[in-house]
Amino acid sequence: MSSAPLRLFLPNPMLEGSILQKLETAHRHTTRPIRFGVYYKNTLVALCHALEDHILADDGTPLVITAFQQGKWYLQEAERYADIAQYSRHIAIMAASESGFAEHPTSQLPNVDLVGLDPGDPVAQEWHLIILSPKYTAMVICQELSEADYGSAGVPTSDLERKFYGLWTFEPELVQDTAEIAIAHIKKYNPELAQKLTADKEQIVPSMDRSQNLGAVVSRVVDYLQTGQDNLSIPTAPQKQTLDRNLVSNEIQAFLRMAQLMDMADVNNPMAAAEVVVLAEAIGQLLDLPAWQIKRLRLAALLHRIDPLQKAESVLTDSISTRYQEDAPSCPLTCPLVPGAQVLRTMPRLRAVAQIITHQSEWWNGTGEPAGLAGDEIPLESRILALLADFQWRVNQLKSSNQSREQIFTQALDECKQQQSNRFDPKLVDTLTLLVMGLQQGLDLPIMTPKVSAGIWILDSQWDSHSKISEQIGSYFT
């Protein structure tokens, strides 16, 4: 979901009747309203190219619906879409008609259909890429800011500084909803095509491990975001700093979206990440950890479930080894990493988070994985994360019993204590005991869920968990 990664807040720049506006209206009064953001053009180009190229590397044969604003933008990408069509079930392309729009060879392919939009159609001002695959869902949907939206600074003269309002997401519900809205819009121009697209959409049966398939998609997105920025010619230092922060924000967003979907897919424990985050923050405060370490622990807690992605093949295999040169001492270069943590390591500011996630499966007695670290050799945050993830899982398993809240906490804690000095750091078990005593005596820990698109918050020294990024959705384990 989305807020404003560029710290730019607009009243409502969406055009009336646009797909973006219809999507926002449909979700406005739901329990999870959409939070849109503002993105630089180079970010969106990298995202779209990553998602398009993943179609070429995957065998999911997706349904693809896209909008190019103007026909000339489609013509620039038409050869590329000829390749994409070979791997797709069907492609519908919306754009304002221009000379050569319908005559290009790609437009003549049997599974490619064009929708020539009227110049006054608000959708002709939008930029979409909607992908519905049995293995994953993904979309980019946005529209360029108007002159009024840019404010006193005016419309940028550099293409580099153009900004778009919208969102990108992997969330199946949002992608499905957007596809339906887009098909309904296409129906106004071509009812037969809309019927065909609806039939294609209904034939796509999601795979059971769709969240795990996201591993390769996220790897590619992160790689393209980095490569896209590396290839930019940035004229001034302030611009470079702004774009660097935007890059980190979008990289983190990719992982937060993946982690969010993994939680949603776990019907028995859908709040795992949020609950481990709030436990980790409480433990960090009891241990009097510095603020920067608690923030780092928070992000690791949000992402701690990426470990199941170890079966996914990273698209960064060749580039990962060249980016490992600054690993922390406790993890040698030969230390195997799950692909999710591998991609995190390609981001200089997130290597410490990758290390925390990687070593959460180490055991205090040295018999764990992946490096067989023991005792204080294991990073402190990894030890905290291992204990709290296990405790949270045990509490969640016991919720279906007829025990009271206090009894559930006691039993979960006792089961963790049975593994202290073996699997868990005994001092951390003592700290968890203090926290459980507080919970049993009525202490409430509000669960906070991150607004995913504001990814930079987690590394921002000015971050305030209550006022800037999170919203209370209930009390802990009630």
# chains A, B, ... in the order shown; residues from 1 in each chain; ligands from 1
call {"tool": "residues_around", "arguments": {"residues": "His359 (chain A)", "least_positions_apart": "4", "cutoff": "7 Å", "atoms": "only C-alpha atoms", "output": "JSON, numbers by chain"}}
result
{"A": [355, 370, 378, 382]}
call {"tool": "write_last_selection", "arguments": {"atoms": "all heavy atoms", "output": "PDB file, in the first residue's frame"}}
result
ATOM      1  N   GLN A 355      22.112  -9.321   7.630  1.00  0.00           N
ATOM      2  CA  GLN A 355      22.835 -10.171   8.574  1.00  0.00           C
ATOM      3  C   GLN A 355      21.921 -10.627   9.709  1.00  0.00           C
ATOM      4  O   GLN A 355      21.950 -11.792  10.125  1.00  0.00           O
ATOM      5  CB  GLN A 355      24.028  -9.412   9.150  1.00  0.00           C
ATOM      6  CG  GLN A 355      24.787 -10.207  10.205  1.00  0.00           C
ATOM      7  CD  GLN A 355      25.995  -9.455  10.730  1.00  0.00           C
ATOM      8  OE1 GLN A 355      26.789  -8.944   9.961  1.00  0.00           O
ATOM      9  NE2 GLN A 355      26.123  -9.392  12.033  1.00  0.00           N
ATOM     10  N   PRO A 370      23.047 -20.425   9.549  1.00  0.00           N
ATOM     11  CA  PRO A 370      23.831 -21.093   8.502  1.00  0.00           C
ATOM     12  C   PRO A 370      25.318 -21.195   8.816  1.00  0.00           C
ATOM     13  O   PRO A 370      26.047 -21.872   8.086  1.00  0.00           O
ATOM     14  CB  PRO A 370      23.617 -20.178   7.300  1.00  0.00           C
ATOM     15  CG  PRO A 370      23.478 -18.818   7.892  1.00  0.00           C
ATOM     16  CD  PRO A 370      22.770 -19.009   9.204  1.00  0.00           C
ATOM     17  N   ILE A 378      26.690 -14.667  17.798  1.00  0.00           N
ATOM     18  CA  ILE A 378      25.451 -14.405  17.054  1.00  0.00           C
ATOM     19  C   ILE A 378      25.065 -12.947  17.272  1.00  0.00           C
ATOM     20  O   ILE A 378      25.030 -12.471  18.404  1.00  0.00           O
ATOM     21  CB  ILE A 378      24.307 -15.321  17.558  1.00  0.00           C
ATOM     22  CG1 ILE A 378      24.742 -16.788  17.538  1.00  0.00           C
ATOM     23  CG2 ILE A 378      23.053 -15.110  16.729  1.00  0.00           C
ATOM     24  CD1 ILE A 378      23.770 -17.710  18.262  1.00  0.00           C
ATOM     25  N   SER A 382      19.750 -10.711  15.986  1.00  0.00           N
ATOM     26  CA  SER A 382      19.354 -12.037  15.502  1.00  0.00           C
ATOM     27  C   SER A 382      18.861 -12.905  16.655  1.00  0.00           C
ATOM     28  O   SER A 382      17.879 -13.640  16.519  1.00  0.00           O
ATOM     29  CB  SER A 382      20.535 -12.723  14.806  1.00  0.00           C
ATOM     30  OG  SER A 382      20.986 -11.986  13.699  1.00  0.00           O
TER      31      SER A 382
END
call {"tool": "residues_around", "arguments": {"residues": "Arg423 (chain A)", "least_positions_apart": "5", "cutoff": "12 Å", "atoms": "only C-alpha atoms", "output": "mmCIF file with N, CA, C and O atoms, in the first residue's frame"}}
result
data_model
loop_
_atom_site.group_PDB
_atom_site.id
_atom_site.type_symbol
_atom_site.label_atom_id
_atom_site.label_comp_id
_atom_site.auth_asym_id
_atom_site.auth_seq_id
_atom_site.Cartn_x
_atom_site.Cartn_y
_atom_site.Cartn_z
ATOM 1 N N GLN A 360 19.126 -15.413 12.249
ATOM 2 C CA GLN A 360 18.076 -15.677 13.228
ATOM 3 C C GLN A 360 17.883 -17.175 13.464
ATOM 4 O O GLN A 360 17.244 -17.577 14.442
ATOM 5 N N SER A 361 18.443 -18.017 12.596
ATOM 6 C CA SER A 361 18.312 -19.468 12.761
ATOM 7 C C SER A 361 19.535 -20.087 13.437
ATOM 8 O O SER A 361 19.639 -21.314 13.517
ATOM 9 N N GLU A 362 20.475 -19.237 13.922
ATOM 10 C CA GLU A 362 21.591 -19.762 14.720
ATOM 11 C C GLU A 362 21.076 -20.164 16.105
ATOM 12 O O GLU A 362 20.086 -19.621 16.589
ATOM 13 N N TRP A 363 21.775 -21.112 16.740
ATOM 14 C CA TRP A 363 21.413 -21.555 18.097
ATOM 15 C C TRP A 363 22.490 -21.109 19.079
ATOM 16 O O TRP A 363 23.682 -21.076 18.756
ATOM 17 N N TRP A 364 22.080 -20.799 20.290
ATOM 18 C CA TRP A 364 22.993 -20.336 21.326
ATOM 19 C C TRP A 364 24.135 -21.335 21.562
ATOM 20 O O TRP A 364 25.259 -20.949 21.843
ATOM 21 N N ASN A 365 23.839 -22.630 21.399
ATOM 22 C CA ASN A 365 24.866 -23.651 21.655
ATOM 23 C C ASN A 365 25.734 -23.949 20.431
ATOM 24 O O ASN A 365 26.561 -24.858 20.454
ATOM 25 N N GLY A 366 25.518 -23.225 19.332
ATOM 26 C CA GLY A 366 26.375 -23.364 18.158
ATOM 27 C C GLY A 366 25.941 -24.414 17.163
ATOM 28 O O GLY A 366 26.654 -24.668 16.177
ATOM 29 N N THR A 367 24.785 -25.037 17.358
ATOM 30 C CA THR A 367 24.349 -26.102 16.451
ATOM 31 C C THR A 367 23.387 -25.617 15.371
ATOM 32 O O THR A 367 22.849 -26.416 14.618
ATOM 33 N N GLY A 368 23.177 -24.305 15.291
ATOM 34 C CA GLY A 368 22.218 -23.777 14.315
ATOM 35 C C GLY A 368 22.845 -23.511 12.965
ATOM 36 O O GLY A 368 23.976 -23.890 12.676
ATOM 37 N N GLU A 369 22.092 -22.830 12.112
ATOM 38 C CA GLU A 369 22.513 -22.498 10.750
ATOM 39 C C GLU A 369 22.374 -20.991 10.547
ATOM 40 O O GLU A 369 21.670 -20.322 11.290
ATOM 41 N N GLY A 372 26.798 -21.757 12.086
ATOM 42 C CA GLY A 372 27.181 -22.441 13.312
ATOM 43 C C GLY A 372 27.759 -21.519 14.363
ATOM 44 O O GLY A 372 28.606 -21.928 15.169
ATOM 45 N N LEU A 373 27.293 -20.269 14.390
ATOM 46 C CA LEU A 373 27.759 -19.327 15.400
ATOM 47 C C LEU A 373 27.200 -19.718 16.764
ATOM 48 O O LEU A 373 26.122 -20.319 16.855
ATOM 49 N N ALA A 374 27.909 -19.338 17.829
ATOM 50 C CA ALA A 374 27.483 -19.698 19.180
ATOM 51 C C ALA A 374 27.565 -18.483 20.094
ATOM 52 O O ALA A 374 28.411 -17.596 19.911
ATOM 53 N N GLY A 375 26.684 -18.447 21.099
ATOM 54 C CA GLY A 375 26.728 -17.414 22.126
ATOM 55 C C GLY A 375 26.725 -16.017 21.562
ATOM 56 O O GLY A 375 25.958 -15.680 20.658
ATOM 57 N N ILE A 378 26.690 -14.667 17.798
ATOM 58 C CA ILE A 378 25.451 -14.405 17.054
ATOM 59 C C ILE A 378 25.065 -12.947 17.272
ATOM 60 O O ILE A 378 25.030 -12.471 18.404
ATOM 61 N N ARG A 383 19.540 -12.827 17.797
ATOM 62 C CA ARG A 383 19.114 -13.592 18.969
ATOM 63 C C ARG A 383 17.740 -13.125 19.452
ATOM 64 O O ARG A 383 16.882 -13.933 19.812
ATOM 65 N N ILE A 384 17.539 -11.811 19.451
ATOM 66 C CA ILE A 384 16.241 -11.261 19.870
ATOM 67 C C ILE A 384 15.146 -11.729 18.922
ATOM 68 O O ILE A 384 14.073 -12.185 19.341
ATOM 69 N N ALA A 386 15.043 -14.320 16.891
ATOM 70 C CA ALA A 386 14.777 -15.758 16.977
ATOM 71 C C ALA A 386 13.846 -16.067 18.143
ATOM 72 O O ALA A 386 12.871 -16.828 18.002
ATOM 73 N N LEU A 387 14.125 -15.487 19.300
ATOM 74 C CA LEU A 387 13.315 -15.752 20.486
ATOM 75 C C LEU A 387 11.904 -15.199 20.338
ATOM 76 O O LEU A 387 10.921 -15.903 20.623
ATOM 77 N N ASP A 390 9.656 -17.042 17.801
ATOM 78 C CA ASP A 390 9.207 -18.319 18.355
ATOM 79 C C ASP A 390 8.117 -18.098 19.398
ATOM 80 O O ASP A 390 7.094 -18.795 19.410
ATOM 81 N N GLU A 415 7.581 -22.760 27.378
ATOM 82 C CA GLU A 415 8.118 -23.549 26.270
ATOM 83 C C GLU A 415 9.409 -22.931 25.732
ATOM 84 O O GLU A 415 10.327 -23.650 25.323
ATOM 85 N N CYS A 416 9.485 -21.600 25.745
ATOM 86 C CA CYS A 416 10.733 -20.939 25.333
ATOM 87 C C CYS A 416 11.834 -21.192 26.360
ATOM 88 O O CYS A 416 13.004 -21.400 25.997
ATOM 89 N N LYS A 417 11.472 -21.171 27.645
ATOM 90 C CA LYS A 417 12.460 -21.387 28.703
ATOM 91 C C LYS A 417 13.094 -22.776 28.599
ATOM 92 O O LYS A 417 14.259 -22.958 28.959
ATOM 93 N N GLN A 418 12.333 -23.731 28.104
ATOM 94 C CA GLN A 418 12.865 -25.088 27.966
ATOM 95 C C GLN A 418 14.020 -25.138 26.964
ATOM 96 O O GLN A 418 14.797 -26.097 26.952
ATOM 97 N N LEU A 428 18.279 -13.161 27.346
ATOM 98 C CA LEU A 428 17.122 -12.632 26.612
ATOM 99 C C LEU A 428 15.831 -13.301 27.073
ATOM 100 O O LEU A 428 14.770 -12.665 27.093
ATOM 101 N N VAL A 429 15.898 -14.562 27.437
ATOM 102 C CA VAL A 429 14.719 -15.233 27.989
ATOM 103 C C VAL A 429 14.320 -14.561 29.298
ATOM 104 O O VAL A 429 13.127 -14.378 29.575
#
call {"tool": "residues_around", "arguments": {"residues": "Ala412 (chain A)", "least_positions_apart": "6", "cutoff": "12 Å", "atoms": "only C-alpha atoms", "output": "PyMOL selection string"}}
result
chain A and resi 387-399+403+405-406+418-419+429+432-433+436
call {"tool": "atom_distance", "arguments": {"atom1": "CA of Leu167 (chain A)", "atom2": "CA of Val140 (chain A)"}}
result
6.1 Å
call {"tool": "residues_around", "arguments": {"residues": "region 68-74 of chain A", "least_positions_apart": "4", "cutoff": "6 Å", "atoms": "only C-alpha atoms", "output": "PDB file with N, CA, C and O atoms, in the first residue's frame"}}
result
ATOM      1  N   ALA A  78       7.068  -0.828 -28.610  1.00  0.00           N
ATOM      2  CA  ALA A  78       6.321  -1.841 -29.360  1.00  0.00           C
ATOM      3  C   ALA A  78       7.149  -3.097 -29.633  1.00  0.00           C
ATOM      4  O   ALA A  78       6.641  -4.223 -29.526  1.00  0.00           O
ATOM      5  N   ALA A  95      -4.040   3.619 -25.205  1.00  0.00           N
ATOM      6  CA  ALA A  95      -3.273   4.836 -25.473  1.00  0.00           C
ATOM      7  C   ALA A  95      -4.074   5.716 -26.422  1.00  0.00           C
ATOM      8  O   ALA A  95      -4.942   5.222 -27.153  1.00  0.00           O
ATOM      9  N   ALA A  96      -3.792   7.010 -26.389  1.00  0.00           N
ATOM     10  CA  ALA A  96      -4.420   7.907 -27.349  1.00  0.00           C
ATOM     11  C   ALA A  96      -3.890   7.571 -28.746  1.00  0.00           C
ATOM     12  O   ALA A  96      -2.681   7.448 -28.939  1.00  0.00           O
ATOM     13  N   SER A  97      -4.786   7.405 -29.692  1.00  0.00           N
ATOM     14  CA  SER A  97      -4.396   6.983 -31.046  1.00  0.00           C
ATOM     15  C   SER A  97      -3.498   8.012 -31.709  1.00  0.00           C
ATOM     16  O   SER A  97      -3.717   9.219 -31.607  1.00  0.00           O
ATOM     17  N   GLU A  98      -2.466   7.512 -32.384  1.00  0.00           N
ATOM     18  CA  GLU A  98      -1.579   8.365 -33.168  1.00  0.00           C
ATOM     19  C   GLU A  98      -1.204   7.627 -34.441  1.00  0.00           C
ATOM     20  O   GLU A  98      -1.449   6.419 -34.576  1.00  0.00           O
ATOM     21  N   PHE A 101      -0.016   3.847 -34.883  1.00  0.00           N
ATOM     22  CA  PHE A 101      -0.376   3.151 -33.643  1.00  0.00           C
ATOM     23  C   PHE A 101      -0.879   1.737 -33.947  1.00  0.00           C
ATOM     24  O   PHE A 101      -0.424   0.763 -33.368  1.00  0.00           O
ATOM     25  N   ALA A 124      -6.251   8.569 -20.670  1.00  0.00           N
ATOM     26  CA  ALA A 124      -5.177   8.917 -21.599  1.00  0.00           C
ATOM     27  C   ALA A 124      -4.062   9.697 -20.906  1.00  0.00           C
ATOM     28  O   ALA A 124      -3.007   9.923 -21.499  1.00  0.00           O
ATOM     29  N   GLN A 125      -4.285  10.100 -19.663  1.00  0.00           N
ATOM     30  CA  GLN A 125      -3.266  10.804 -18.876  1.00  0.00           C
ATOM     31  C   GLN A 125      -2.589   9.864 -17.876  1.00  0.00           C
ATOM     32  O   GLN A 125      -1.761  10.300 -17.080  1.00  0.00           O
ATOM     33  N   GLU A 126      -2.939   8.578 -17.922  1.00  0.00           N
ATOM     34  CA  GLU A 126      -2.415   7.642 -16.931  1.00  0.00           C
ATOM     35  C   GLU A 126      -1.360   6.706 -17.534  1.00  0.00           C
ATOM     36  O   GLU A 126      -1.305   6.497 -18.749  1.00  0.00           O
ATOM     37  N   TRP A 127      -0.594   6.121 -16.631  1.00  0.00           N
ATOM     38  CA  TRP A 127       0.481   5.192 -16.986  1.00  0.00           C
ATOM     39  C   TRP A 127       0.244   3.922 -16.164  1.00  0.00           C
ATOM     40  O   TRP A 127       0.333   3.950 -14.947  1.00  0.00           O
TER      41      TRP A 127
END
call {"tool": "residues_around", "arguments": {"residues": "region 279-284 of chain A", "least_positions_apart": "5", "cutoff": "10 Å", "atoms": "only C-alpha atoms", "output": "PyMOL selection string"}}
result
chain A and resi 273-274+289-291+293-295+297-298+300-301+381+384-385+387-389+391-392+428+431-432+434-435+445-447+476
call {"tool": "select_by_dssp", "arguments": {"residues": "region 376-423 of chain A", "states": "alpha helix (DSSP H)", "output": "number ranges by chain"}}
result
A: 380-398, 405-417
call {"tool": "closest_residue", "arguments": {"among": "A:Glu77, A:Asp58, A:Glu377, A:Asp149", "to": "Tyr165 (chain A)", "atoms": "only C-alpha atoms"}}
result
A:Asp149
call {"tool": "residues_around", "arguments": {"residues": "Ser88 (chain A)", "least_positions_apart": "2", "cutoff": "7 Å", "atoms": "only C-alpha atoms", "output": "short mmCIF file (atom, residue, chain, number, x, y, z; two decimals) with all heavy atoms, in the first residue's frame"}}
result
data_model
loop_
_atom_site.label_atom_id
_atom_site.label_comp_id
_atom_site.auth_asym_id
_atom_site.auth_seq_id
_atom_site.Cartn_x
_atom_site.Cartn_y
_atom_site.Cartn_z
N THR A 61 2.58 -17.15 -18.21
CA THR A 61 1.65 -16.70 -19.24
C THR A 61 0.56 -15.78 -18.67
O THR A 61 -0.61 -16.15 -18.60
CB THR A 61 1.00 -17.88 -19.98
OG1 THR A 61 0.30 -18.71 -19.03
CG2 THR A 61 2.02 -18.68 -20.74
N PRO A 62 0.95 -14.57 -18.25
CA PRO A 62 -0.01 -13.68 -17.59
C PRO A 62 -0.94 -12.95 -18.55
O PRO A 62 -0.71 -12.91 -19.77
CB PRO A 62 0.92 -12.67 -16.90
CG PRO A 62 2.08 -12.58 -17.83
CD PRO A 62 2.29 -13.98 -18.35
N LEU A 63 -1.98 -12.38 -17.98
CA LEU A 63 -2.80 -11.39 -18.65
C LEU A 63 -2.18 -10.03 -18.33
O LEU A 63 -1.91 -9.73 -17.17
CB LEU A 63 -4.24 -11.44 -18.14
CG LEU A 63 -5.17 -10.29 -18.55
CD1 LEU A 63 -5.36 -10.26 -20.06
CD2 LEU A 63 -6.51 -10.41 -17.83
N ILE A 84 7.22 -9.64 -25.28
CA ILE A 84 6.37 -9.93 -24.11
C ILE A 84 5.15 -10.74 -24.53
O ILE A 84 4.69 -11.63 -23.81
CB ILE A 84 5.97 -8.62 -23.42
CG1 ILE A 84 7.21 -7.93 -22.83
CG2 ILE A 84 4.94 -8.86 -22.32
CD1 ILE A 84 6.96 -6.54 -22.29
N ALA A 85 4.62 -10.44 -25.71
CA ALA A 85 3.42 -11.13 -26.19
C ALA A 85 3.65 -12.63 -26.34
O ALA A 85 2.72 -13.43 -26.17
CB ALA A 85 2.96 -10.53 -27.51
N GLN A 86 4.88 -13.03 -26.65
CA GLN A 86 5.18 -14.45 -26.82
C GLN A 86 5.04 -15.22 -25.51
O GLN A 86 4.88 -16.43 -25.51
CB GLN A 86 6.60 -14.62 -27.37
CG GLN A 86 6.81 -14.04 -28.75
CD GLN A 86 8.24 -14.26 -29.22
OE1 GLN A 86 8.80 -15.34 -29.04
NE2 GLN A 86 8.82 -13.24 -29.83
N HIS A 90 -2.56 -12.75 -22.96
CA HIS A 90 -3.23 -11.69 -23.72
C HIS A 90 -2.66 -10.35 -23.26
O HIS A 90 -2.34 -10.18 -22.08
CB HIS A 90 -4.74 -11.72 -23.45
CG HIS A 90 -5.55 -11.09 -24.55
ND1 HIS A 90 -6.63 -11.71 -25.12
CD2 HIS A 90 -5.43 -9.90 -25.18
CE1 HIS A 90 -7.14 -10.92 -26.06
NE2 HIS A 90 -6.42 -9.82 -26.12
N ILE A 91 -2.54 -9.39 -24.18
CA ILE A 91 -2.09 -8.04 -23.84
C ILE A 91 -3.10 -7.04 -24.39
O ILE A 91 -3.43 -7.07 -25.58
CB ILE A 91 -0.70 -7.73 -24.42
CG1 ILE A 91 0.35 -8.70 -23.87
CG2 ILE A 91 -0.30 -6.29 -24.10
CD1 ILE A 91 1.74 -8.46 -24.44
#
call {"tool": "atom_distance", "arguments": {"atom1": "CA of Glu24 (chain A)", "atom2": "CA of Thr198 (chain A)"}}
result
21.5 Å
call {"tool": "select_by_dssp", "arguments": {"residues": "region 60-92 of chain A", "states": "strand (DSSP E)", "output": "PyMOL selection string"}}
result
chain A and resi 63-70+90-92
call {"tool": "closest_residue", "arguments": {"among": "A:Met14, A:Val155, A:Ile93, A:Leu302", "to": "Met271 (chain A)", "atoms": "only C-alpha atoms"}}
result
A:Leu302
call {"tool": "closest_residue", "arguments": {"among": "A:Lys135, A:Phe170, A:Thr178, A:Asp118", "to": "Gln21 (chain A)", "atoms": "only C-alpha atoms"}}
result
A:Thr178
call {"tool": "closest_residue", "arguments": {"among": "A:Asp266, A:Asp288, A:Asp83, A:Glu161", "to": "Leu145 (chain A)", "atoms": "only C-alpha atoms"}}
result
A:Glu161
